[in-house]
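Listing of coords_36.cif; format and content: mmCIF, C-alpha atoms.
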```
data_start
#
loop_
_atom_site.group_PDB
_atom_site.id
_atom_site.type_symbol
_atom_site.label_atom_id
_atom_site.label_comp_id
_atom_site.auth_asym_id
_atom_site.auth_seq_id
_atom_site.Cartn_x
_atom_site.Cartn_y
_atom_site.Cartn_z
ATOM 1 C CA MET A 811 81.984 95.452 119.901
ATOM 2 C CA ALA A 812 84.609 98.116 119.386
ATOM 3 C CA SER A 813 86.116 96.196 116.482
ATOM 4 C CA LEU A 814 82.711 95.820 114.860
ATOM 5 C CA GLY A 815 82.125 99.552 115.216
ATOM 6 C CA ARG A 816 85.495 100.225 113.636
ATOM 7 C CA CYS A 817 84.766 97.808 110.816
ATOM 8 C CA VAL A 818 81.416 99.440 110.083
ATOM 9 C CA ARG A 819 83.017 102.871 110.056
ATOM 10 C CA LEU A 820 85.716 101.681 107.658
ATOM 11 C CA ILE A 821 83.139 100.220 105.309
ATOM 12 C CA THR A 822 80.938 103.284 105.253
ATOM 13 C CA ARG A 823 83.771 105.786 104.860
ATOM 14 C CA VAL A 824 83.960 106.484 101.163
ATOM 15 C CA ARG A 825 87.374 108.116 100.986
ATOM 16 C CA PRO A 826 89.963 109.151 103.578
ATOM 17 C CA SER A 827 89.893 112.862 104.180
ATOM 18 C CA LEU A 828 91.947 115.102 106.420
ATOM 19 C CA ALA A 829 89.535 114.359 109.296
ATOM 20 C CA LEU A 830 87.669 117.512 108.337
ATOM 21 C CA ALA A 831 84.072 118.234 107.568
ATOM 22 C CA SER A 832 82.693 115.688 109.941
ATOM 23 C CA ILE A 833 79.633 117.832 110.550
ATOM 24 C CA PRO A 834 78.086 117.934 107.085
ATOM 25 C CA ARG A 835 79.072 114.343 106.408
ATOM 26 C CA ALA A 836 77.651 112.702 109.527
ATOM 27 C CA THR A 837 74.133 112.561 108.163
ATOM 28 C CA THR A 838 75.204 111.017 104.868
ATOM 29 C CA ILE A 839 77.362 108.382 106.557
ATOM 30 C CA GLY A 840 74.375 107.574 108.756
ATOM 31 C CA CYS A 841 72.076 107.044 105.801
ATOM 32 C CA LEU A 842 74.651 104.933 103.932
ATOM 33 C CA HIS A 843 74.884 102.792 107.029
ATOM 34 C CA THR A 844 71.178 102.167 107.344
ATOM 35 C CA LEU A 845 70.581 101.395 103.648
ATOM 36 C CA ASN A 846 72.774 98.338 103.260
ATOM 37 C CA THR A 847 72.685 96.599 106.621
ATOM 38 C CA ARG A 848 70.970 93.589 108.045
ATOM 39 C CA GLU A 849 70.745 92.018 111.477
ATOM 40 C CA CYS A 850 73.461 89.457 112.177
ATOM 41 C CA THR A 851 72.556 86.491 114.342
ATOM 42 C CA VAL A 852 74.766 86.142 117.373
ATOM 43 C CA ASN A 853 75.930 82.568 117.825
ATOM 44 C CA ASN A 854 77.994 83.155 120.897
ATOM 45 C CA LYS A 855 75.371 83.093 123.642
ATOM 46 C CA SER A 856 77.619 82.635 126.623
ATOM 47 C CA LEU A 857 79.668 85.818 126.836
ATOM 48 C CA LEU A 858 77.535 88.611 125.414
ATOM 49 C CA PRO A 859 73.863 89.359 125.812
ATOM 50 C CA THR A 860 71.827 89.561 122.595
ATOM 51 C CA LEU A 861 72.897 92.784 120.926
ATOM 52 C CA ASN A 862 71.504 94.195 117.711
ATOM 53 C CA LYS A 863 74.595 93.696 115.603
ATOM 54 C CA THR A 864 74.333 95.041 112.104
ATOM 55 C CA CYS A 865 76.842 94.404 109.357
ATOM 56 C CA SER A 866 76.936 95.809 105.838
ATOM 57 C CA VAL A 867 75.818 93.487 103.094
ATOM 58 C CA ARG A 868 76.785 95.460 100.031
ATOM 59 C CA ASN A 869 79.352 98.228 99.843
ATOM 60 C CA TYR A 870 79.029 100.165 96.629
ATOM 61 C CA SER A 871 81.686 102.766 96.025
ATOM 62 C CA ALA A 872 79.226 105.579 95.519
ATOM 63 C CA LYS A 873 79.885 109.198 96.274
ATOM 64 C CA GLU A 874 78.007 110.828 99.063
ATOM 65 C CA PRO A 875 75.109 113.114 98.035
ATOM 66 C CA LEU A 876 76.157 116.709 97.543
ATOM 67 C CA THR A 877 74.262 119.955 97.294
ATOM 68 C CA LEU A 878 75.583 123.410 96.475
ATOM 69 C CA ASP A 879 75.152 124.368 100.104
ATOM 70 C CA MET A 880 77.229 121.426 101.312
ATOM 71 C CA ILE A 881 79.962 122.148 98.792
ATOM 72 C CA GLN A 882 80.085 125.718 99.983
ATOM 73 C CA GLN A 883 80.294 124.685 103.640
ATOM 74 C CA ARG A 884 83.062 122.200 102.936
ATOM 75 C CA VAL A 885 85.114 124.604 100.834
ATOM 76 C CA LEU A 886 84.836 127.379 103.403
ATOM 77 C CA LEU A 887 85.689 124.970 106.230
ATOM 78 C CA VAL A 888 88.843 123.774 104.470
ATOM 79 C CA LEU A 889 89.873 127.357 103.794
ATOM 80 C CA LYS A 890 89.239 128.426 107.375
ATOM 81 C CA LEU A 891 91.375 125.535 108.628
ATOM 82 C CA TYR A 892 94.312 126.715 106.510
ATOM 83 C CA ASP A 893 96.559 128.671 108.825
ATOM 84 C CA LYS A 894 97.713 131.224 106.263
ATOM 85 C CA ILE A 895 94.151 132.483 105.796
ATOM 86 C CA SER A 896 92.535 134.548 108.535
ATOM 87 C CA PRO A 897 88.888 133.439 108.894
ATOM 88 C CA GLU A 898 87.635 137.020 109.406
ATOM 89 C CA LYS A 899 88.767 138.160 105.974
ATOM 90 C CA LEU A 900 87.446 135.108 104.187
ATOM 91 C CA THR A 901 84.307 135.614 102.103
ATOM 92 C CA MET A 902 82.929 133.907 99.028
ATOM 93 C CA ASP A 903 84.497 136.398 96.647
ATOM 94 C CA SER A 904 87.793 137.121 98.350
ATOM 95 C CA HIS A 905 90.641 136.760 95.888
ATOM 96 C CA PHE A 906 93.418 134.499 97.166
ATOM 97 C CA MET A 907 96.349 136.550 95.940
ATOM 98 C CA GLN A 908 95.032 140.076 96.291
ATOM 99 C CA ASP A 909 92.654 140.005 99.283
ATOM 100 C CA LEU A 910 94.047 137.169 101.359
ATOM 101 C CA GLY A 911 97.708 137.666 100.492
ATOM 102 C CA LEU A 912 98.517 134.138 99.407
ATOM 103 C CA ASP A 913 101.444 132.980 97.293
ATOM 104 C CA SER A 914 101.192 130.908 94.130
ATOM 105 C CA LEU A 915 102.557 127.904 96.056
ATOM 106 C CA ASP A 916 99.940 128.557 98.751
ATOM 107 C CA HIS A 917 97.352 128.528 96.006
ATOM 108 C CA VAL A 918 98.702 125.137 94.886
ATOM 109 C CA GLU A 919 98.333 123.878 98.454
ATOM 110 C CA VAL A 920 94.749 125.148 98.616
ATOM 111 C CA ILE A 921 93.910 123.394 95.339
ATOM 112 C CA MET A 922 95.484 120.179 96.640
ATOM 113 C CA ALA A 923 93.376 120.436 99.792
ATOM 114 C CA MET A 924 90.279 120.801 97.613
ATOM 115 C CA GLU A 925 91.291 117.744 95.590
ATOM 116 C CA ASP A 926 91.707 115.724 98.797
ATOM 117 C CA GLU A 927 88.388 116.978 100.131
ATOM 118 C CA PHE A 928 86.271 116.172 97.091
ATOM 119 C CA GLY A 929 88.214 113.183 95.806
ATOM 120 C CA PHE A 930 88.997 114.099 92.208
ATOM 121 C CA GLU A 931 91.981 115.686 90.550
ATOM 122 C CA ILE A 932 91.978 119.282 89.377
ATOM 123 C CA PRO A 933 94.430 119.695 86.444
ATOM 124 C CA ASP A 934 96.897 122.572 86.367
ATOM 125 C CA GLY A 935 95.197 124.422 83.520
ATOM 126 C CA ASP A 936 91.937 124.599 85.453
ATOM 127 C CA ALA A 937 93.610 125.138 88.807
ATOM 128 C CA GLU A 938 95.317 128.386 87.892
ATOM 129 C CA LYS A 939 91.962 129.937 87.053
ATOM 130 C CA LEU A 940 90.342 129.102 90.426
ATOM 131 C CA LEU A 941 91.278 132.195 92.371
ATOM 132 C CA ARG A 942 88.188 132.735 94.535
ATOM 133 C CA PRO A 943 86.166 130.360 96.725
ATOM 134 C CA ALA A 944 83.126 131.019 94.514
ATOM 135 C CA ASP A 945 85.094 129.786 91.471
ATOM 136 C CA ILE A 946 86.087 126.611 93.302
ATOM 137 C CA ILE A 947 82.485 125.923 94.324
ATOM 138 C CA ARG A 948 81.259 126.461 90.769
ATOM 139 C CA TYR A 949 84.014 124.201 89.386
ATOM 140 C CA VAL A 950 83.250 121.376 91.822
ATOM 141 C CA ALA A 951 79.518 121.690 91.088
ATOM 142 C CA ASP A 952 80.237 121.513 87.353
ATOM 143 C CA LYS A 953 82.407 118.452 87.708
ATOM 144 C CA GLU A 954 79.971 116.631 89.974
ATOM 145 C CA ASP A 955 76.852 117.759 88.018
ATOM 146 C CA ILE A 956 75.111 119.493 90.891
ATOM 147 C CA TYR A 957 72.521 122.121 90.130
ATOM 148 C CA ASP A 958 70.590 122.746 93.333
ATOM 149 C CA MET B 1295 104.667 113.802 67.145
ATOM 150 C CA SER B 1296 104.683 114.218 70.875
ATOM 151 C CA PHE B 1297 107.813 116.350 70.665
ATOM 152 C CA LEU B 1298 105.730 119.192 69.202
ATOM 153 C CA GLN B 1299 105.307 121.883 71.807
ATOM 154 C CA THR B 1300 101.684 122.936 71.646
ATOM 155 C CA GLU B 1301 101.562 125.105 74.776
ATOM 156 C CA ILE B 1302 103.923 127.561 76.345
ATOM 157 C CA PHE B 1303 104.219 127.248 80.118
ATOM 158 C CA THR B 1304 105.502 130.140 82.168
ATOM 159 C CA HIS B 1305 108.239 129.587 84.684
ATOM 160 C CA SER B 1306 105.909 130.082 87.629
ATOM 161 C CA ARG B 1307 103.477 127.541 86.194
ATOM 162 C CA ARG B 1308 106.266 124.976 85.887
ATOM 163 C CA VAL B 1309 107.451 125.640 89.418
ATOM 164 C CA CYS B 1310 103.914 125.190 90.745
ATOM 165 C CA SER B 1311 103.567 121.935 88.801
ATOM 166 C CA LEU B 1312 106.863 120.657 90.222
ATOM 167 C CA TYR B 1313 105.764 121.603 93.742
ATOM 168 C CA LYS B 1314 102.451 119.824 93.384
ATOM 169 C CA ARG B 1315 104.040 116.654 92.017
ATOM 170 C CA ALA B 1316 106.691 116.724 94.731
ATOM 171 C CA VAL B 1317 104.107 117.060 97.499
ATOM 172 C CA ARG B 1318 102.038 114.213 96.039
ATOM 173 C CA ASN B 1319 105.226 112.141 95.882
ATOM 174 C CA ILE B 1320 105.909 112.827 99.563
ATOM 175 C CA GLU B 1321 102.316 111.885 100.328
ATOM 176 C CA ALA B 1322 102.910 108.572 98.564
ATOM 177 C CA TRP B 1323 106.058 107.795 100.526
ATOM 178 C CA TYR B 1324 104.880 108.872 104.006
ATOM 179 C CA ASP B 1325 101.514 107.338 104.747
ATOM 180 C CA GLN B 1326 101.270 108.754 108.285
ATOM 181 C CA ARG B 1327 99.735 112.174 108.058
ATOM 182 C CA PRO B 1328 101.909 114.019 110.642
ATOM 183 C CA MET B 1329 105.145 112.718 109.043
ATOM 184 C CA PHE B 1330 103.877 113.755 105.638
ATOM 185 C CA ARG B 1331 102.979 117.238 106.853
ATOM 186 C CA TYR B 1332 106.426 117.644 108.434
ATOM 187 C CA ARG B 1333 108.194 116.667 105.208
ATOM 188 C CA ALA B 1334 105.849 118.854 103.153
ATOM 189 C CA VAL B 1335 106.695 121.882 105.287
ATOM 190 C CA LEU B 1336 110.416 121.165 104.847
ATOM 191 C CA LEU B 1337 109.927 120.978 101.078
ATOM 192 C CA ARG B 1338 108.022 124.247 101.131
ATOM 193 C CA ALA B 1339 110.915 125.868 103.009
ATOM 194 C CA ARG B 1340 113.303 124.636 100.303
ATOM 195 C CA PHE B 1341 111.102 126.187 97.634
ATOM 196 C CA ASP B 1342 110.757 129.406 99.602
ATOM 197 C CA GLU B 1343 114.472 130.048 100.034
ATOM 198 C CA ASN B 1344 114.839 130.247 96.235
ATOM 199 C CA LYS B 1345 111.710 132.304 95.812
ATOM 200 C CA ASN B 1346 113.353 135.659 95.071
ATOM 201 C CA VAL B 1347 115.908 134.580 92.501
ATOM 202 C CA LYS B 1348 115.704 137.163 89.734
ATOM 203 C CA ASP B 1349 118.157 135.676 87.277
ATOM 204 C CA LEU B 1350 116.101 133.437 84.996
ATOM 205 C CA ARG B 1351 119.039 131.228 84.013
ATOM 206 C CA VAL B 1352 119.667 130.341 87.662
ATOM 207 C CA ALA B 1353 115.952 129.824 88.155
ATOM 208 C CA GLN B 1354 115.757 127.531 85.130
ATOM 209 C CA GLN B 1355 118.741 125.570 86.370
ATOM 210 C CA LEU B 1356 117.156 125.150 89.802
ATOM 211 C CA LEU B 1357 113.953 123.983 88.148
ATOM 212 C CA ASP B 1358 115.826 121.392 86.071
ATOM 213 C CA GLU B 1359 117.673 120.103 89.114
ATOM 214 C CA GLY B 1360 114.370 119.891 90.957
ATOM 215 C CA GLU B 1361 112.796 117.875 88.155
ATOM 216 C CA LYS B 1362 115.753 115.479 88.125
ATOM 217 C CA GLU B 1363 115.561 115.052 91.882
ATOM 218 C CA LEU B 1364 111.826 114.365 91.731
ATOM 219 C CA PHE B 1365 112.376 111.810 88.978
ATOM 220 C CA SER B 1366 115.005 110.021 91.047
ATOM 221 C CA GLN B 1367 112.767 109.888 94.120
ATOM 222 C CA ILE B 1368 109.391 109.166 92.599
ATOM 223 C CA HIS B 1369 107.277 106.511 94.280
ATOM 224 C CA TYR B 1370 106.831 103.165 92.529
ATOM 225 C CA GLN B 1371 103.056 103.115 92.995
ATOM 226 C CA PRO B 1372 101.813 106.641 93.562
ATOM 227 C CA ARG B 1373 98.338 107.182 94.930
ATOM 228 C CA GLN B 1374 96.014 108.452 92.263
ATOM 229 C CA PHE B 1375 92.468 109.627 92.344
ATOM 230 C CA PRO B 1376 90.054 107.226 90.656
ATOM 231 C CA HIS B 1377 89.061 109.392 87.716
ATOM 232 C CA SER B 1378 92.450 110.908 87.009
ATOM 233 C CA PRO B 1379 94.530 109.446 84.131
ATOM 234 C CA GLY B 1380 96.213 106.334 85.483
ATOM 235 C CA GLY B 1381 93.619 105.812 88.185
ATOM 236 C CA VAL B 1382 91.327 102.809 88.491
ATOM 237 C CA ALA B 1383 88.125 104.429 87.271
ATOM 238 C CA CYS B 1384 89.642 106.422 84.421
ATOM 239 C CA GLY B 1385 87.512 105.954 81.319
ATOM 240 C CA ARG B 1386 85.203 103.559 83.164
ATOM 241 C CA GLU B 1387 82.061 105.497 82.397
ATOM 242 C CA VAL B 1388 81.863 106.540 78.775
ATOM 243 C CA ILE B 1389 79.283 109.243 78.192
ATOM 244 C CA PRO B 1390 77.945 108.919 74.616
ATOM 245 C CA PRO B 1391 78.155 112.059 72.486
ATOM 246 C CA ASP B 1392 75.146 114.202 71.894
ATOM 247 C CA TRP B 1393 74.579 113.432 68.215
ATOM 248 C CA VAL B 1394 73.757 109.809 69.057
ATOM 249 C CA LEU B 1395 70.318 110.993 70.132
ATOM 250 C CA ASP B 1396 69.553 111.963 66.538
ATOM 251 C CA TYR B 1397 69.900 108.359 65.481
ATOM 252 C CA TRP B 1398 67.153 107.051 67.737
ATOM 253 C CA HIS B 1399 64.201 105.290 66.144
ATOM 254 C CA PRO B 1400 61.090 107.484 65.832
ATOM 255 C CA MET B 1401 59.199 105.120 68.119
ATOM 256 C CA GLU B 1402 61.862 105.690 70.804
ATOM 257 C CA LYS B 1403 61.787 109.416 70.210
ATOM 258 C CA ALA B 1404 58.022 109.426 70.623
ATOM 259 C CA GLN B 1405 58.509 108.361 74.232
ATOM 260 C CA PHE B 1406 60.009 111.767 75.016
ATOM 261 C CA PRO B 1407 58.140 114.208 72.793
ATOM 262 C CA GLU B 1408 58.787 117.376 74.807
ATOM 263 C CA TYR B 1409 62.512 116.804 75.053
ATOM 264 C CA PHE B 1410 62.930 116.140 71.368
ATOM 265 C CA ALA B 1411 60.773 119.118 70.433
ATOM 266 C CA ARG B 1412 62.995 121.307 72.612
ATOM 267 C CA ARG B 1413 66.043 119.691 71.050
ATOM 268 C CA GLU B 1414 64.921 120.536 67.529
ATOM 269 C CA GLN B 1415 64.264 124.109 68.640
ATOM 270 C CA ARG B 1416 67.750 124.296 70.191
ATOM 271 C CA LYS B 1417 69.356 122.949 67.031
ATOM 272 C CA LYS B 1418 67.602 125.589 64.933
ATOM 273 C CA GLU B 1419 68.721 128.334 67.298
ATOM 274 C CA TYR B 1420 72.274 127.037 67.168
ATOM 275 C CA VAL B 1421 72.327 127.090 63.374
ATOM 276 C CA GLU B 1422 70.960 130.651 63.401
ATOM 277 C CA TRP B 1423 73.591 131.736 65.913
ATOM 278 C CA TRP B 1424 76.333 130.130 63.839
ATOM 279 C CA GLU B 1425 75.202 131.788 60.626
ATOM 280 C CA LYS B 1426 74.956 135.115 62.387
ATOM 281 C CA THR B 1427 78.492 134.837 63.781
ATOM 282 C CA TYR B 1428 80.297 133.188 60.882
ATOM 283 C CA GLY B 1429 78.029 133.787 57.886
ATOM 284 C CA LYS B 1430 76.309 131.306 55.640
ATOM 285 C CA PRO B 1431 78.460 128.363 54.486
ATOM 286 C CA THR B 1432 79.753 128.786 50.930
ATOM 287 C CA GLU B 1433 79.812 125.103 50.057
ATOM 288 C CA PRO B 1434 76.573 123.163 50.279
ATOM 289 C CA ALA B 1435 76.392 120.692 53.176
ATOM 290 C CA HIS B 1436 76.935 117.049 52.221
#
```
I need this file expressed as C-alpha cells, please.
Amino acid sequence: MASLGRCVRLITRVRPSLALASIPRATTIGCLHTLNTRECTVNNKSLLPTLNKTCSVRNYSAKEPLTLDMIQQRVLLVLKLYDKISPEKLTMDSHFMQDLGLDSLDHVEVIMAMEDEFGFEIPDGDAEKLLRPADIIRYVADKEDIYD
Amino acid sequence: MSFLQTEIFTHSRRVCSLYKRAVRNIEAWYDQRPMFRYRAVLLRARFDENKNVKDLRVAQQLLDEGEKELFSQIHYQPRQFPHSPGGVACGREVIPPDWVLDYWHPMEKAQFPEYFARREQRKKEYVEWWEKTYGKPTEPAH
C-alpha cells in the first residue's frame, strides 16, 4: 500500500522541485491523479481486504496549469525561503540589489532557483534584466503564455 | 565565422556565467540535495574571497583559471531542462511563422472572418506606423 502510494506520487509529480510550493501545487497534483486513473482489480484475496486501488493509465508529460496568481505566489515563496532576503522587506517591486542588498552572485542564485521552480532555463541575457520580482513574474508569464 | 565576436561581455557578466555553470555542474555530480548544497556553499565561499580584487589583470587570470578548472571537471551527462538547447524537447514544437496565415485558402479564411478582418486592420496599421517612422519606401515593392 505504501509502495503503491509512492508509485502514484512519482508518476504524478511532473518535475522534481526543491520540496517547495506544496500548497499551490496540491490541487493540481490531485486533479492530474483523478484524470488518468482506473480501478485495478485485486487478485490477491487472502491477505488484504478489497481496497480501491487506482493506478495511472496514461502519464503525459504535461505542465501543471498556471495562473498569474499562482506564479506570483510561487515566486514570492521561493524568495522568502532564501535566507539572504528578509521576508518583511520583500514586496513585488523591491529591487534585488538596491532594496534587498543582494550581490550579483546572489542574483544568479535567485535566477537559478526560479529556473528550478518553473522548469525552464533562463538565459544570461534575459537573466541580468530581471531585477525585481514583478519582472520575474512577467517573464515567466510571457514564456508560458499566461494572460489571466 | 564563429570566431567573430558579436557581443562584448563585461567581466562581472562572465564571472556570473562561470558561477552559474559551476553550480549546475556541481548539481550534476552530487545528486543528493544536502551534499549539493554543501558543495555549492563552498564554491560560493571561493568566489567570495576573490570578490574585491581591483586589479583587472589578476581578475582576468582568476577567471581563466576558473574556466579551465570547470572544463576539467565538467560532468559527462549534465542535467538539462527540456526546452533548453541540448535538452530532450528542444525544437520539438515548431511554431509556424505568422505570414503562413496569409497563404490560407479563402474557404479556410472564411471560417474565421472576424480574426482575419482584424488581421487585415492590424497589417494596415503596421504599414502606416512603419511609413510614419521610416518614411515611404523609395523603391517600389516587388
Worksheet item: CA of Ala1383 (chain B) and CA of Arg1327 (chain B), how far apart in Å?
Response: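 We find that CA of Arg1327 (chain B) and CA of Ala1383 (chain B) lie 25.0 Å from each other.
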Fill in: At most 7 Å to chain B: residues in chain A, all atoms listed in the file, as a list in words
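Every residue meeting the condition is included here: Leu915, Val918, Gly929, Phe930 and Glu931 of chain A.
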Kindly save the residues from that selection, with C-alpha atoms included, as a PDB file, keeping the file's coordinate frame.
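Just written: selection.pdb:
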```pdb
ATOM      1  CA  LEU A 915     102.557 127.904  96.056  1.00  0.00           C
ATOM      2  CA  VAL A 918      98.702 125.137  94.886  1.00  0.00           C
ATOM      3  CA  GLY A 929      88.214 113.183  95.806  1.00  0.00           C
ATOM      4  CA  PHE A 930      88.997 114.099  92.208  1.00  0.00           C
ATOM      5  CA  GLU A 931      91.981 115.686  90.550  1.00  0.00           C
TER       6      GLU A 931
END
```
Worksheet, complete the sentence: CA of Ala1316 (chain B) sits from CA of Phe928 (chain A) at a separation of 20.6 Å
Discussion item. I'd like to know which of A:Gln908, A:Thr877, A:Gln882, A:Ser914 is closest to Pro943 (chain A), using all atoms listed in the file.
Written reply: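 Ranked by minimum distance to Pro943 (chain A), first place goes to A:Gln882.
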Enclose the full set of atoms of region 893-902 of chain A listed in the file within a box whose edges lie along x, y and z, apply 5 Å of padding to each of the six sides, and report centre and edge lengths in Å to one decimal as JSON.
```
{"center_x": 90.3, "center_y": 133.4, "center_z": 104.2, "size_x": 24.8, "size_y": 19.5, "size_z": 20.4}
```
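Residue nearest Arg942 (chain A) within the list A:His905, A:Lys894, A:Lys873, A:Lys899: A:His905 [criterion: smallest interatomic distance, all atoms listed in the file].
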Discussion item. Using all atoms listed in the file, which protein or nucleic acid residues come within 12 Å of Asp909 (chain A)? Drop anything in the same chain fewer than 6 positions from it, and give the result as a ChimeraX atom specification.
Written reply: /A:895-896,898-903,941-943
Fill in: Å distance separating CA of Asp1396 (chain B) from CA of Lys1418 (chain B), one decimal place
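Between CA of Asp1396 (chain B) and CA of Lys1418 (chain B) the gap is 13.9 Å.
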Item to complete: Would you kindly translate the PyMOL selection byres ((chain B and resi 1319) around 9) into the concrete residues it picks from this file, as a list in words?
Response: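 Selected by the PyMOL selection byres ((chain B and resi 1319) around 9) here: Lys1314, Arg1315, Ala1316, Val1317, Arg1318, Ile1320, Glu1321, Ala1322, Trp1323, Tyr1324, Leu1364, Gln1367, Ile1368, His1369, Pro1372 and Arg1373 of chain B.
Nearest to Phe1365 (chain B) of all the residues B:Val1394, B:Ile1302, B:Met1329, B:Leu1312 is B:Leu1312, based on all atoms listed in the file.
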Practice prompt. Counting only C-alpha atoms, select every polymer residue within 12 Å of (75.3, 117.3, 91.5) as defined in the file's coordinates, and provide the selection as a list in words.
Written response: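 The residues near that point, listed by chain and number, are Lys873, Glu874, Pro875, Leu876, Thr877, Leu878, Asp879, Met880, Ile881, Ile947, Arg948, Tyr949, Val950, Ala951, Asp952, Lys953, Glu954, Asp955, Ile956, Tyr957 and Asp958 of chain A.
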